file target.txt (compact mmCIF, C-alpha atoms)
# COMPACT_ATOMS: atom_id res chain seq x y z
CA MET A 25 10.87 -9.65 16.62
CA GLY A 26 7.26 -9.79 17.85
CA ILE A 27 4.34 -8.59 15.76
CA TYR A 28 4.10 -5.36 17.78
CA GLU A 29 7.76 -4.58 17.13
CA GLU A 30 7.16 -5.33 13.44
CA LEU A 31 4.25 -2.85 13.32
CA VAL A 32 6.54 -0.21 14.83
CA ALA A 33 9.35 -1.06 12.41
CA ARG A 34 6.95 -0.75 9.47
CA GLY A 35 6.04 2.77 10.65
CA LEU A 36 2.41 1.95 11.38
CA ILE A 37 1.93 3.02 14.98
CA ALA A 38 1.12 6.64 15.86
CA GLN A 39 -0.27 6.71 19.43
CA VAL A 40 -1.11 4.11 22.07
CA THR A 41 -2.73 4.25 25.51
CA ASN A 42 -0.66 1.58 27.26
CA GLU A 43 2.25 0.34 25.19
CA GLU A 44 3.47 -2.29 27.65
CA HIS A 45 0.11 -4.06 27.86
CA ILE A 46 -0.57 -3.67 24.15
CA ARG A 47 2.80 -5.21 23.25
CA GLU A 48 2.25 -8.15 25.58
CA MET A 49 -1.27 -8.88 24.30
CA ILE A 50 -0.51 -8.53 20.59
CA ASN A 51 2.73 -10.50 20.71
CA ASN A 52 1.00 -13.36 22.55
CA GLY A 53 -2.09 -13.44 20.37
CA LYS A 54 -4.39 -12.27 23.19
CA ALA A 55 -5.91 -9.25 21.45
CA THR A 56 -9.49 -9.20 20.23
CA PHE A 57 -9.53 -5.94 18.35
CA TYR A 58 -11.85 -4.01 16.11
CA ILE A 59 -11.53 -1.55 13.25
CA GLY A 60 -14.60 0.32 12.02
CA PHE A 61 -15.62 0.90 8.42
CA ASP A 62 -18.44 3.35 7.71
CA CYS A 63 -20.40 2.36 4.60
CA THR A 64 -20.31 5.62 2.65
CA ALA A 65 -19.76 3.90 -0.74
CA ASP A 66 -20.32 0.49 -2.33
CA SER A 67 -16.61 -0.32 -2.43
CA LEU A 68 -13.56 0.00 -0.22
CA THR A 69 -10.74 2.15 -1.59
CA ALA A 70 -6.97 2.04 -1.62
CA GLY A 71 -7.22 4.27 1.45
CA HIS A 72 -8.53 1.29 3.44
CA PHE A 73 -5.43 -0.75 2.63
CA MET A 74 -3.59 0.05 5.83
CA ALA A 75 -6.46 -1.15 8.01
CA LEU A 76 -7.03 -4.32 5.95
CA THR A 77 -3.37 -5.37 5.88
CA LEU A 78 -3.06 -4.59 9.59
CA MET A 79 -5.98 -6.90 10.37
CA LYS A 80 -4.36 -9.62 8.29
CA ARG A 81 -0.98 -9.22 10.02
CA LEU A 82 -2.52 -9.40 13.48
CA GLN A 83 -4.70 -12.38 12.57
CA MET A 84 -1.65 -14.24 11.25
CA ALA A 85 -0.06 -13.65 14.68
CA GLY A 86 -3.00 -15.30 16.45
CA ASN A 87 -5.09 -12.24 17.34
CA LYS A 88 -8.81 -12.04 16.57
CA PRO A 89 -10.11 -9.22 14.35
CA ILE A 90 -13.60 -7.77 14.42
CA ALA A 91 -14.53 -5.91 11.26
CA LEU A 92 -17.14 -3.44 12.44
CA ILE A 93 -19.45 -2.34 9.67
CA GLY A 94 -20.87 1.06 10.55
CA GLY A 95 -24.47 0.55 9.51
CA GLY A 96 -25.55 2.78 12.39
CA THR A 97 -22.78 5.38 12.53
CA THR A 98 -22.96 5.89 8.75
CA MET A 99 -26.44 7.31 9.32
CA ILE A 100 -24.86 10.11 11.38
CA GLY A 101 -21.55 10.78 9.61
CA ASP A 102 -18.09 11.28 11.08
CA PRO A 103 -17.08 14.98 11.13
CA SER A 104 -13.35 14.09 11.39
CA GLY A 105 -11.38 15.62 8.55
CA ARG A 106 -14.52 17.13 7.01
CA THR A 107 -15.35 20.72 6.15
CA ASP A 108 -19.00 19.97 5.43
CA MET A 109 -21.68 17.47 6.37
CA ARG A 110 -21.72 14.08 4.70
CA LYS A 111 -24.51 13.05 2.34
CA MET A 112 -27.35 11.31 4.16
CA LEU A 113 -27.78 7.71 2.98
CA THR A 114 -30.85 5.47 3.23
CA ILE A 115 -30.87 2.26 5.28
CA GLU A 116 -31.09 0.31 2.00
CA ASP A 117 -28.03 2.09 0.55
CA ILE A 118 -26.04 1.45 3.70
CA GLN A 119 -26.93 -2.25 3.76
CA HIS A 120 -25.96 -2.64 0.10
CA ASN A 121 -22.61 -0.96 0.77
CA ALA A 122 -22.03 -3.18 3.82
CA ASP A 123 -22.62 -6.33 1.72
CA CYS A 124 -20.07 -5.08 -0.83
CA PHE A 125 -17.53 -4.39 1.92
CA LYS A 126 -17.82 -7.91 3.27
CA ARG A 127 -17.08 -9.53 -0.08
CA GLN A 128 -13.95 -7.42 -0.48
CA MET A 129 -12.73 -7.95 3.09
CA GLU A 130 -12.85 -11.71 2.62
CA ASN A 131 -9.83 -11.33 0.30
CA PHE A 132 -7.77 -10.19 3.28
CA ILE A 133 -9.29 -11.63 6.44
CA GLU A 134 -10.33 -15.19 7.28
CA PHE A 135 -13.82 -15.19 8.76
CA GLY A 136 -15.44 -18.07 10.58
CA GLU A 137 -15.82 -19.85 13.90
CA GLY A 138 -12.97 -18.85 16.20
CA LYS A 139 -11.52 -16.58 13.52
CA ALA A 140 -12.43 -13.07 12.42
CA GLN A 141 -15.95 -11.75 12.97
CA MET A 142 -17.94 -9.20 11.06
CA VAL A 143 -20.57 -7.27 12.98
CA ASN A 144 -22.75 -4.29 12.11
CA ASN A 145 -23.32 -1.56 14.70
CA ALA A 146 -26.81 -1.04 13.31
CA GLU A 147 -27.60 -4.14 15.39
CA TRP A 148 -27.38 -2.15 18.63
CA LEU A 149 -27.35 1.54 17.69
CA LEU A 150 -30.63 1.65 15.76
CA ASP A 151 -32.63 0.17 18.64
CA LEU A 152 -31.32 2.48 21.36
CA ASN A 153 -33.87 4.46 23.33
CA TYR A 154 -32.79 8.08 23.29
CA VAL A 155 -33.59 8.85 26.95
CA ASP A 156 -32.03 5.60 28.16
CA MET A 157 -28.95 6.37 26.09
CA LEU A 158 -28.63 9.83 27.62
CA ARG A 159 -28.93 8.43 31.13
CA GLU A 160 -26.53 5.55 30.59
CA VAL A 161 -23.85 7.16 28.46
CA GLY A 162 -24.45 10.92 28.22
CA ALA A 163 -23.39 11.54 31.81
CA CYS A 164 -19.95 10.07 31.04
CA PHE A 165 -19.07 12.77 28.50
CA SER A 166 -17.96 16.34 29.19
CA VAL A 167 -19.14 18.77 26.52
CA ASN A 168 -16.14 20.98 27.30
CA ASN A 169 -13.74 18.11 26.61
CA MET A 170 -15.62 17.13 23.45
CA LEU A 171 -15.38 20.65 22.05
CA ARG A 172 -11.62 20.59 22.59
CA ALA A 173 -11.33 17.49 20.38
CA GLU A 174 -9.63 18.20 17.07
CA CYS A 175 -12.39 16.52 15.07
CA TYR A 176 -14.87 19.15 16.36
CA LYS A 177 -12.60 22.20 16.60
CA GLN A 178 -11.96 22.25 12.85
CA ARG A 179 -15.70 22.33 12.18
CA MET A 180 -16.80 24.96 14.69
CA GLU A 181 -16.18 27.95 12.41
CA LYS A 182 -18.19 26.57 9.47
CA GLY A 183 -20.84 24.90 11.57
CA LEU A 184 -21.16 21.56 13.36
CA SER A 185 -24.59 19.95 13.39
CA PHE A 186 -25.94 18.34 16.56
CA LEU A 187 -26.30 15.17 14.50
CA GLU A 188 -22.54 15.01 13.90
CA PHE A 189 -21.81 16.08 17.48
CA ASN A 190 -23.21 12.72 18.57
CA TYR A 191 -20.73 10.75 16.45
CA MET A 192 -18.11 10.53 19.19
CA ILE A 193 -20.67 9.15 21.61
CA MET A 194 -21.86 6.56 19.08
CA GLN A 195 -18.32 5.43 18.29
CA SER A 196 -17.47 5.25 21.98
CA TYR A 197 -20.59 3.19 22.61
CA ASP A 198 -19.43 0.75 19.91
CA PHE A 199 -16.27 -0.09 21.89
CA TYR A 200 -18.27 -0.33 25.10
CA TYR A 201 -20.75 -2.74 23.50
CA LEU A 202 -18.08 -4.85 21.75
CA TYR A 203 -16.07 -5.06 24.98
CA GLN A 204 -19.02 -6.52 26.85
CA LYS A 205 -20.51 -8.81 24.19
CA TYR A 206 -17.47 -9.96 22.21
CA GLY A 207 -14.62 -9.53 24.68
CA CYS A 208 -13.08 -6.88 22.43
CA ASN A 209 -10.17 -5.38 24.39
CA MET A 210 -8.48 -3.23 21.76
CA GLN A 211 -9.41 -0.74 19.04
CA PHE A 212 -7.41 0.47 16.06
CA GLY A 213 -8.09 3.46 13.86
CA GLY A 214 -6.62 6.41 12.02
CA ASP A 215 -4.63 9.00 13.90
CA ASP A 216 -7.39 11.52 13.20
CA GLN A 217 -9.72 9.29 15.25
CA TRP A 218 -7.73 9.62 18.48
CA SER A 219 -10.30 11.78 20.29
CA ASN A 220 -13.24 9.57 19.30
CA MET A 221 -11.37 6.43 20.30
CA LEU A 222 -10.25 7.76 23.66
CA GLY A 223 -13.92 8.43 24.33
CA GLY A 224 -14.58 4.69 24.05
CA THR A 225 -11.72 3.77 26.38
CA GLU A 226 -12.89 6.28 28.98
CA LEU A 227 -16.51 5.16 28.69
CA ILE A 228 -15.59 1.55 29.44
CA ARG A 229 -13.54 2.54 32.48
CA LYS A 230 -16.21 4.87 33.85
CA LYS A 231 -18.94 2.26 33.46
CA LEU A 232 -17.01 -0.92 34.32
CA GLY A 233 -14.18 0.30 36.53
CA LYS A 234 -10.65 1.60 36.06
CA ASP A 235 -9.24 -1.93 35.99
CA ALA A 236 -11.06 -2.78 32.76
CA HIS A 237 -8.39 -3.81 30.25
CA CYS A 238 -9.22 -1.83 27.12
CA MET A 239 -6.60 -0.25 24.92
CA THR A 240 -6.44 2.14 22.00
CA ILE A 241 -3.96 2.27 19.13
CA THR A 242 -3.98 4.71 16.24
CA LEU A 243 -2.19 4.27 12.95
CA LEU A 244 -0.24 6.80 10.93
CA THR A 245 -3.06 7.36 8.47
CA ASP A 246 -3.16 11.15 8.80
CA SER A 247 0.16 11.61 7.04
CA GLN A 248 0.23 8.63 4.68
CA GLY A 249 -3.09 6.85 4.44
CA LYS A 250 -5.08 9.91 3.40
CA LYS A 251 -2.83 10.26 0.37
CA MET A 252 -3.95 6.81 -0.66
CA GLY A 253 -7.17 6.15 -2.44
CA LYS A 254 -7.42 9.20 -4.68
CA THR A 255 -5.90 10.22 -7.98
CA ALA A 256 -6.94 13.05 -10.29
CA GLY A 257 -9.78 13.77 -7.89
CA ASN A 258 -11.23 10.27 -8.26
CA ALA A 259 -11.22 7.39 -5.80
CA VAL A 260 -9.08 4.30 -6.44
CA TRP A 261 -11.47 1.47 -5.65
CA LEU A 262 -10.84 -2.15 -4.74
CA ASP A 263 -13.84 -3.15 -6.88
CA PRO A 264 -12.48 -4.11 -10.35
CA ASN A 265 -15.66 -2.78 -11.95
CA LYS A 266 -14.82 0.68 -10.63
CA THR A 267 -11.03 0.62 -10.92
CA SER A 268 -9.64 -2.01 -13.29
CA PRO A 269 -6.66 -4.14 -12.17
CA TYR A 270 -4.52 -2.26 -14.71
CA GLU A 271 -5.59 1.14 -13.37
CA PHE A 272 -5.04 -0.12 -9.83
CA TYR A 273 -1.54 -1.29 -10.76
CA GLN A 274 -0.83 2.02 -12.46
CA TYR A 275 -1.89 4.00 -9.40
CA TRP A 276 0.70 2.31 -7.22
CA ARG A 277 3.27 2.29 -10.02
CA ASN A 278 3.02 6.09 -10.10
CA VAL A 279 3.47 6.90 -6.39
CA GLY A 280 6.08 9.54 -5.64
CA ASP A 281 9.73 8.65 -5.12
CA SER A 282 9.53 9.80 -1.50
CA ASP A 283 6.52 7.56 -0.78
CA VAL A 284 7.32 4.29 -2.49
CA LEU A 285 9.42 2.70 0.27
CA LYS A 286 7.00 3.93 2.94
CA CYS A 287 4.18 2.20 1.08
CA ILE A 288 6.19 -1.00 0.61
CA ARG A 289 7.02 -1.05 4.31
CA MET A 290 3.48 -0.29 5.49
CA LEU A 291 1.35 -2.21 3.02
CA THR A 292 3.18 -5.23 1.63
CA PHE A 293 4.13 -8.46 3.35
CA LEU A 294 7.68 -8.47 2.03
CA PRO A 295 10.25 -9.26 4.77
CA LEU A 296 11.64 -6.22 6.55
CA GLU A 297 15.18 -7.38 5.76
CA GLN A 298 14.41 -7.19 2.03
CA ILE A 299 12.82 -3.75 2.41
CA ASP A 300 15.75 -2.47 4.48
CA GLU A 301 18.04 -3.33 1.56
CA MET A 302 15.86 -1.13 -0.69
CA ASP A 303 16.46 1.92 1.52
CA THR A 304 19.63 2.69 -0.44
CA TRP A 305 17.93 2.43 -3.84
CA LYS A 306 18.02 5.54 -6.03
CA ASP A 307 16.97 6.75 -9.47
CA ALA A 308 16.15 3.79 -11.76
CA GLN A 309 16.08 1.43 -8.79
CA LEU A 310 13.15 3.42 -7.36
CA ASN A 311 11.20 2.63 -10.53
CA ARG A 312 11.82 -1.04 -9.84
CA ALA A 313 10.61 -0.50 -6.26
CA LYS A 314 7.40 1.03 -7.64
CA GLU A 315 6.88 -2.00 -9.87
CA ILE A 316 7.31 -4.28 -6.85
CA LEU A 317 4.80 -2.24 -4.84
CA ALA A 318 2.26 -2.18 -7.67
CA TYR A 319 2.60 -5.91 -8.34
CA GLU A 320 2.36 -6.98 -4.70
CA LEU A 321 -0.74 -4.90 -3.96
CA THR A 322 -2.50 -5.78 -7.23
CA LYS A 323 -1.88 -9.46 -6.52
CA MET A 324 -3.29 -9.04 -3.03
CA VAL A 325 -6.52 -7.45 -4.27
CA HIS A 326 -7.09 -8.95 -7.73
CA GLY A 327 -5.06 -12.16 -7.72
CA GLU A 328 -1.78 -13.24 -9.29
CA GLU A 329 -3.15 -13.66 -12.83
CA GLU A 330 -4.51 -10.10 -13.00
CA ALA A 331 -1.31 -8.75 -11.44
CA ASN A 332 0.77 -10.49 -14.11
CA LYS A 333 -1.46 -9.11 -16.87
CA ALA A 334 -1.33 -5.58 -15.48
CA GLU A 335 2.47 -5.71 -15.13
CA ALA A 336 2.91 -6.99 -18.68
CA ALA A 337 0.54 -4.35 -20.08
CA ALA A 338 2.34 -1.56 -18.25
CA LYS A 339 5.75 -2.68 -19.49
CA ASN A 340 4.45 -2.95 -23.05
CA ILE A 341 3.00 0.56 -22.97
CA PHE A 342 6.01 2.15 -21.29
CA ALA A 343 8.47 0.41 -23.59
CA GLY A 344 6.91 1.42 -26.88
CA GLY A 345 4.18 3.89 -26.07
CA GLY A 346 1.87 1.44 -27.77
CA GLU A 347 -1.53 0.09 -26.93
CA SER A 348 -2.51 -2.89 -24.83
CA ALA A 349 -5.67 -4.92 -24.45
CA ASP A 350 -5.54 -4.12 -20.74
CA MET A 351 -5.25 -0.36 -21.20
CA PRO A 352 -8.13 1.37 -19.37
CA THR A 353 -10.74 2.50 -21.88
CA THR A 354 -13.61 4.98 -21.78
CA VAL A 355 -16.42 4.65 -24.31
CA LEU A 356 -18.18 7.91 -25.17
CA THR A 357 -21.71 8.18 -26.54
CA GLY A 358 -22.83 10.46 -29.34
CA ASP A 359 -24.66 12.81 -27.01
CA GLN A 360 -21.34 13.69 -25.34
CA LEU A 361 -20.17 15.27 -28.61
CA THR A 362 -21.05 18.71 -29.95
CA ASP A 363 -21.26 19.11 -33.73
CA GLY A 364 -19.37 15.87 -34.23
CA SER A 365 -16.44 16.55 -31.88
CA ILE A 366 -15.44 16.95 -28.24
CA GLY A 367 -13.08 19.47 -26.68
CA VAL A 368 -9.85 18.11 -25.23
CA LEU A 369 -10.73 19.47 -21.78
CA ARG A 370 -14.09 17.67 -21.72
CA LEU A 371 -12.34 14.56 -23.08
CA LEU A 372 -9.89 14.51 -20.16
CA VAL A 373 -12.73 14.89 -17.66
CA ALA A 374 -14.87 12.22 -19.37
CA ALA A 375 -11.93 9.80 -19.23
CA GLY A 376 -11.55 10.42 -15.48
CA LEU A 377 -8.06 11.85 -15.95
CA CYS A 378 -8.99 15.25 -14.50
CA PRO A 379 -11.66 16.23 -11.96
CA SER A 380 -12.68 19.43 -13.77
CA ASN A 381 -12.22 21.49 -16.93
CA SER A 382 -10.02 23.95 -15.05
CA ALA A 383 -7.68 21.16 -13.91
CA ALA A 384 -7.61 19.81 -17.46
CA ARG A 385 -6.79 23.28 -18.82
CA THR A 386 -3.82 23.58 -16.46
CA LEU A 387 -2.58 20.14 -17.53
CA VAL A 388 -2.80 21.00 -21.23
CA GLN A 389 -1.11 24.38 -20.79
CA GLN A 390 1.74 22.65 -18.95
CA GLY A 391 2.30 20.42 -21.97
CA SER A 392 1.42 17.29 -20.02
CA VAL A 393 -1.15 15.88 -22.47
CA ALA A 394 -0.64 14.00 -25.73
CA LEU A 395 -3.21 12.47 -28.09
CA ASP A 396 -1.97 9.51 -30.14
CA GLY A 397 1.59 10.60 -29.41
CA GLU A 398 1.11 14.26 -30.39
CA LYS A 399 1.47 16.82 -27.62
CA VAL A 400 -1.55 19.10 -27.15
CA THR A 401 -0.96 22.62 -25.81
CA ASP A 402 -4.11 24.41 -27.02
CA PRO A 403 -6.98 24.13 -24.48
CA SER A 404 -9.49 24.79 -27.28
CA ALA A 405 -8.36 21.76 -29.33
CA THR A 406 -11.04 19.25 -30.28
CA VAL A 407 -11.17 15.58 -31.23
CA SER A 408 -13.48 14.44 -34.03
CA ALA A 409 -15.97 11.60 -33.96
CA GLU A 410 -14.06 9.93 -36.79
CA ALA A 411 -10.85 9.86 -34.75
CA LEU A 412 -12.70 8.55 -31.71
CA LYS A 413 -14.22 5.68 -33.71
CA ASN A 414 -10.69 4.43 -34.34
CA GLY A 415 -9.77 5.00 -30.69
CA VAL A 416 -7.64 7.83 -29.32
CA VAL A 417 -4.87 7.13 -26.79
CA ILE A 418 -4.40 9.91 -24.26
CA ARG A 419 -1.09 10.19 -22.47
CA LYS A 420 -1.15 12.21 -19.26
CA GLY A 421 2.31 13.08 -18.04
CA LYS A 422 4.83 10.36 -18.80
CA LYS A 423 3.18 7.34 -17.25
CA VAL A 424 -0.62 7.46 -17.51
CA PHE A 425 -2.19 6.06 -20.70
CA HIS A 426 -5.92 5.90 -21.39
CA LYS A 427 -7.87 5.01 -24.51
CA VAL A 428 -11.12 6.73 -25.52
CA THR A 429 -13.47 5.40 -28.18
CA LEU A 430 -16.92 6.30 -29.47
call {"tool": "encode", "arguments": {"input": "target.txt", "output": "structure tokens"}}
result
Amino acid sequence: MGIYEELVARGLIAQVTNEEHIREMINNGKATFYIGFDCTADSLTAGHFMALTLMKRLQMAGNKPIALIGGGTTMIGDPSGRTDMRKMLTIEDIQHNADCFKRQMENFIEFGEGKAQMVNNAEWLLDLNYVDMLREVGACFSVNNMLRAECYKQRMEKGLSFLEFNYMIMQSYDFYYLYQKYGCNMQFGGDDQWSNMLGGTELIRKKLGKDAHCMTITLLTDSQGKKMGKTAGNAVWLDPNKTSPYEFYQYWRNVGDSDVLKCIRMLTFLPLEQIDEMDTWKDAQLNRAKEILAYELTKMVHGEEEANKAEAAAKNIFAGGGESADMPTTVLTGDQLTDGSIGVLRLLVAAGLCPSNSAARTLVQQGSVALDGEKVTDPSATVSAEALKNGVVIRKGKKVFHKVTL
């Protein structure tokens, strides 16, 4: 089985422009491909996992990855999948985020001479002359076709800024530039990026001729990848200072029964033969599959030692409902209390277990919250400063444990 066939077997491929050529190039290590990462935060999330593991798989098969940091495109903002305009970031913020991305990517991809490259599209986008850009590239795009693109259609009713309207052109120009300067002949991205990415393929062919070998592949991130990276309204970060190794482990340990084998197939490097055997697993065996998923991904991001610690802590907590040194902990300050106590709803929000008081209220009313082993069903319940000084263990549902102290 070639690497392309493996990607298909793992359920990663959504759409391609020329499957025969793509298969031949990838299987023979001839692809120089890029995946873009806009720098909207100072850490990658679990939602980037599919792209990172894909780059690693293809590099192991002899292909050359280009990690494109979107220092330029981040200043515009991708409208895909958005109902409103993204927050405008400063150049300094974007550069800081890009530096953070690079450190995290080095855990997955081997950079260096003749290996993977990291480039920043601010290098060419920020110096473009607007009139020259319109003359060189603008004539290659049909406004009618652009407005039919899904990424724009879903924004037309609520308003699409001219700033965001340019995003497709900027992303297309990236592929055009990388093709010429770095010999990049292939681009990968989420399935929701199909319209933007086709723009790059068409731009290259219009400018350099129809025989230009440039190909586009999208991944199944619309259906699966967008589920990744968020829990209780909060992002699951790869930075251990934002999401601890234990919390990271717990996130993957708690994926749904219907998703666990998909995630193992798409994200881990376990042999397909081993995963195929898991397809018949049911009930308690699915819990074991979740432990395997959580361990493998935590080891990949945080190292084997942290993965072992997180696994041991989780088993200790689940077995006895007790505490662990690795249990995620939130420390409150006195000014977060009112008259020496804090309401259970505010406590859940402060601990990052719920995104809002209304979500916390629903959770409590459903009987899904316990404090130090005692179920709480009254949304007006409070926790005293004295109790918090000793540490209060919150249990959310059956599997999420979190300690809060003062």
call {"tool": "atom_distance", "arguments": {"input": "target.txt", "atom1": "atom CA of A:Ser185", "atom2": "atom CA of A:Ala75"}}
result
28.3 Å
call {"tool": "atom_distance", "arguments": {"input": "target.txt", "atom1": "atom CA of A:Lys266", "atom2": "atom CA of A:Val407"}}
result
25.7 Å
call {"tool": "residues_around", "arguments": {"input": "target.txt", "residues": "A:Ala313", "least_positions_apart": "2", "cutoff": "12 Å", "atoms": "only C-alpha atoms", "output": "PDB file with C-alpha atoms, keeping the file's coordinate frame"}}
result
ATOM      1  CA  TRP A 276       0.700   2.310  -7.220  1.00  0.00           C
ATOM      2  CA  ARG A 277       3.270   2.290 -10.020  1.00  0.00           C
ATOM      3  CA  ASN A 278       3.020   6.090 -10.100  1.00  0.00           C
ATOM      4  CA  VAL A 279       3.470   6.900  -6.390  1.00  0.00           C
ATOM      5  CA  GLY A 280       6.080   9.540  -5.640  1.00  0.00           C
ATOM      6  CA  ASP A 281       9.730   8.650  -5.120  1.00  0.00           C
ATOM      7  CA  SER A 282       9.530   9.800  -1.500  1.00  0.00           C
ATOM      8  CA  ASP A 283       6.520   7.560  -0.780  1.00  0.00           C
ATOM      9  CA  VAL A 284       7.320   4.290  -2.490  1.00  0.00           C
ATOM     10  CA  LEU A 285       9.420   2.700   0.270  1.00  0.00           C
ATOM     11  CA  LYS A 286       7.000   3.930   2.940  1.00  0.00           C
ATOM     12  CA  CYS A 287       4.180   2.200   1.080  1.00  0.00           C
ATOM     13  CA  ILE A 288       6.190  -1.000   0.610  1.00  0.00           C
ATOM     14  CA  ARG A 289       7.020  -1.050   4.310  1.00  0.00           C
ATOM     15  CA  THR A 292       3.180  -5.230   1.630  1.00  0.00           C
ATOM     16  CA  LEU A 294       7.680  -8.470   2.030  1.00  0.00           C
ATOM     17  CA  GLN A 298      14.410  -7.190   2.030  1.00  0.00           C
ATOM     18  CA  ILE A 299      12.820  -3.750   2.410  1.00  0.00           C
ATOM     19  CA  GLU A 301      18.040  -3.330   1.560  1.00  0.00           C
ATOM     20  CA  MET A 302      15.860  -1.130  -0.690  1.00  0.00           C
ATOM     21  CA  ASP A 303      16.460   1.920   1.520  1.00  0.00           C
ATOM     22  CA  THR A 304      19.630   2.690  -0.440  1.00  0.00           C
ATOM     23  CA  TRP A 305      17.930   2.430  -3.840  1.00  0.00           C
ATOM     24  CA  LYS A 306      18.020   5.540  -6.030  1.00  0.00           C
ATOM     25  CA  ASP A 307      16.970   6.750  -9.470  1.00  0.00           C
ATOM     26  CA  ALA A 308      16.150   3.790 -11.760  1.00  0.00           C
ATOM     27  CA  GLN A 309      16.080   1.430  -8.790  1.00  0.00           C
ATOM     28  CA  LEU A 310      13.150   3.420  -7.360  1.00  0.00           C
ATOM     29  CA  ASN A 311      11.200   2.630 -10.530  1.00  0.00           C
ATOM     30  CA  GLU A 315       6.880  -2.000  -9.870  1.00  0.00           C
ATOM     31  CA  ILE A 316       7.310  -4.280  -6.850  1.00  0.00           C
ATOM     32  CA  LEU A 317       4.800  -2.240  -4.840  1.00  0.00           C
ATOM     33  CA  ALA A 318       2.260  -2.180  -7.670  1.00  0.00           C
ATOM     34  CA  TYR A 319       2.600  -5.910  -8.340  1.00  0.00           C
ATOM     35  CA  GLU A 320       2.360  -6.980  -4.700  1.00  0.00           C
TER      36      GLU A 320
END
call {"tool": "residues_near_point", "arguments": {"input": "target.txt", "point": "(-3.8, -9.1, 23.5)", "cutoff": "10 Å", "atoms": "only C-alpha atoms", "output": "PyMOL selection string"}}
result
chain A and resi 45-57+86-88+208-210+237-239
call {"tool": "residues_around", "arguments": {"input": "target.txt", "residues": "A:Gly421", "least_positions_apart": "6", "cutoff": "9 Å", "atoms": "only C-alpha atoms", "output": "NGL selection string"}}
result
:A and (387 or 391-394)
call {"tool": "residues_around", "arguments": {"input": "target.txt", "residues": "A:Phe199", "least_positions_apart": "3", "cutoff": "8 Å", "atoms": "all atoms listed in the file", "output": "JSON, numbers by chain"}}
result
{"A": [195, 196, 202, 203, 208, 211, 224, 225, 228]}
call {"tool": "residues_around", "arguments": {"input": "target.txt", "residues": "A:Ala384", "least_positions_apart": "5", "cutoff": "10 Å", "atoms": "all atoms listed in the file", "output": "list in words"}}
result
Ala256, Val368, Leu369, Arg370, Leu371, Leu372, Val373, Leu377, Cys378, Pro379, Gln389, Gln390, Ser392, Val393 and Pro403 of chain A
call {"tool": "write_last_selection", "arguments": {"input": "target.txt", "atoms": "C-alpha atoms", "output": "tab-separated table (two decimals), in the frame of the given file"}}
result
chain	number	residue	atom	x	y	z
A	256	ALA	CA	-6.94	13.05	-10.29
A	368	VAL	CA	-9.85	18.11	-25.23
A	369	LEU	CA	-10.73	19.47	-21.78
A	370	ARG	CA	-14.09	17.67	-21.72
A	371	LEU	CA	-12.34	14.56	-23.08
A	372	LEU	CA	-9.89	14.51	-20.16
A	373	VAL	CA	-12.73	14.89	-17.66
A	377	LEU	CA	-8.06	11.85	-15.95
A	378	CYS	CA	-8.99	15.25	-14.50
A	379	PRO	CA	-11.66	16.23	-11.96
A	389	GLN	CA	-1.11	24.38	-20.79
A	390	GLN	CA	1.74	22.65	-18.95
A	392	SER	CA	1.42	17.29	-20.02
A	393	VAL	CA	-1.15	15.88	-22.47
A	403	PRO	CA	-6.98	24.13	-24.48
call {"tool": "residues_around", "arguments": {"input": "target.txt", "residues": "A:Leu412", "least_positions_apart": "4", "cutoff": "10 Å", "atoms": "only C-alpha atoms", "output": "list of chain:residue names"}}
result
A:Val355, A:Leu356, A:Ser365, A:Ile366, A:Val407, A:Ser408, A:Val416, A:Val417, A:Lys427, A:Val428, A:Thr429, A:Leu430
call {"tool": "atom_distance", "arguments": {"input": "target.txt", "atom1": "atom CA of A:Val260", "atom2": "atom CA of A:Thr322"}}
result
12.1 Å
call {"tool": "axis_aligned_box", "arguments": {"input": "target.txt", "around": "stretch 389-392 of chain A", "padding_each_side": "4 Å", "output": "AutoDock Vina command-line options"}}
result
--center_x 0.6 --center_y 20.8 --center_z -20.5 --size_x 11.4 --size_y 15.1 --size_z 11.0
call {"tool": "closest_residue", "arguments": {"input": "target.txt", "among": "A:Phe132, A:Lys231, A:Glu271, A:Gln204", "to": "A:Ala163", "atoms": "only C-alpha atoms"}}
result
A:Lys231
call {"tool": "closest_residue", "arguments": {"input": "target.txt", "among": "A:Ala38, A:Ala33, A:Ala409, A:Ile193", "to": "A:Ile100", "atoms": "all atoms listed in the file"}}
result
A:Ile193
call {"tool": "closest_residue", "arguments": {"input": "target.txt", "among": "A:Asp62, A:Phe272, A:Arg172, A:Val32", "to": "A:Glu330", "atoms": "all atoms listed in the file"}}
result
A:Phe272
call {"tool": "residues_near_point", "arguments": {"input": "target.txt", "point": "(-20.4, -3.3, 5.7)", "cutoff": "9 Å", "atoms": "all atoms listed in the file", "output": "VMD selection string"}}
result
chain A and resid 61 to 63 66 91 to 95 118 to 126 142 to 144
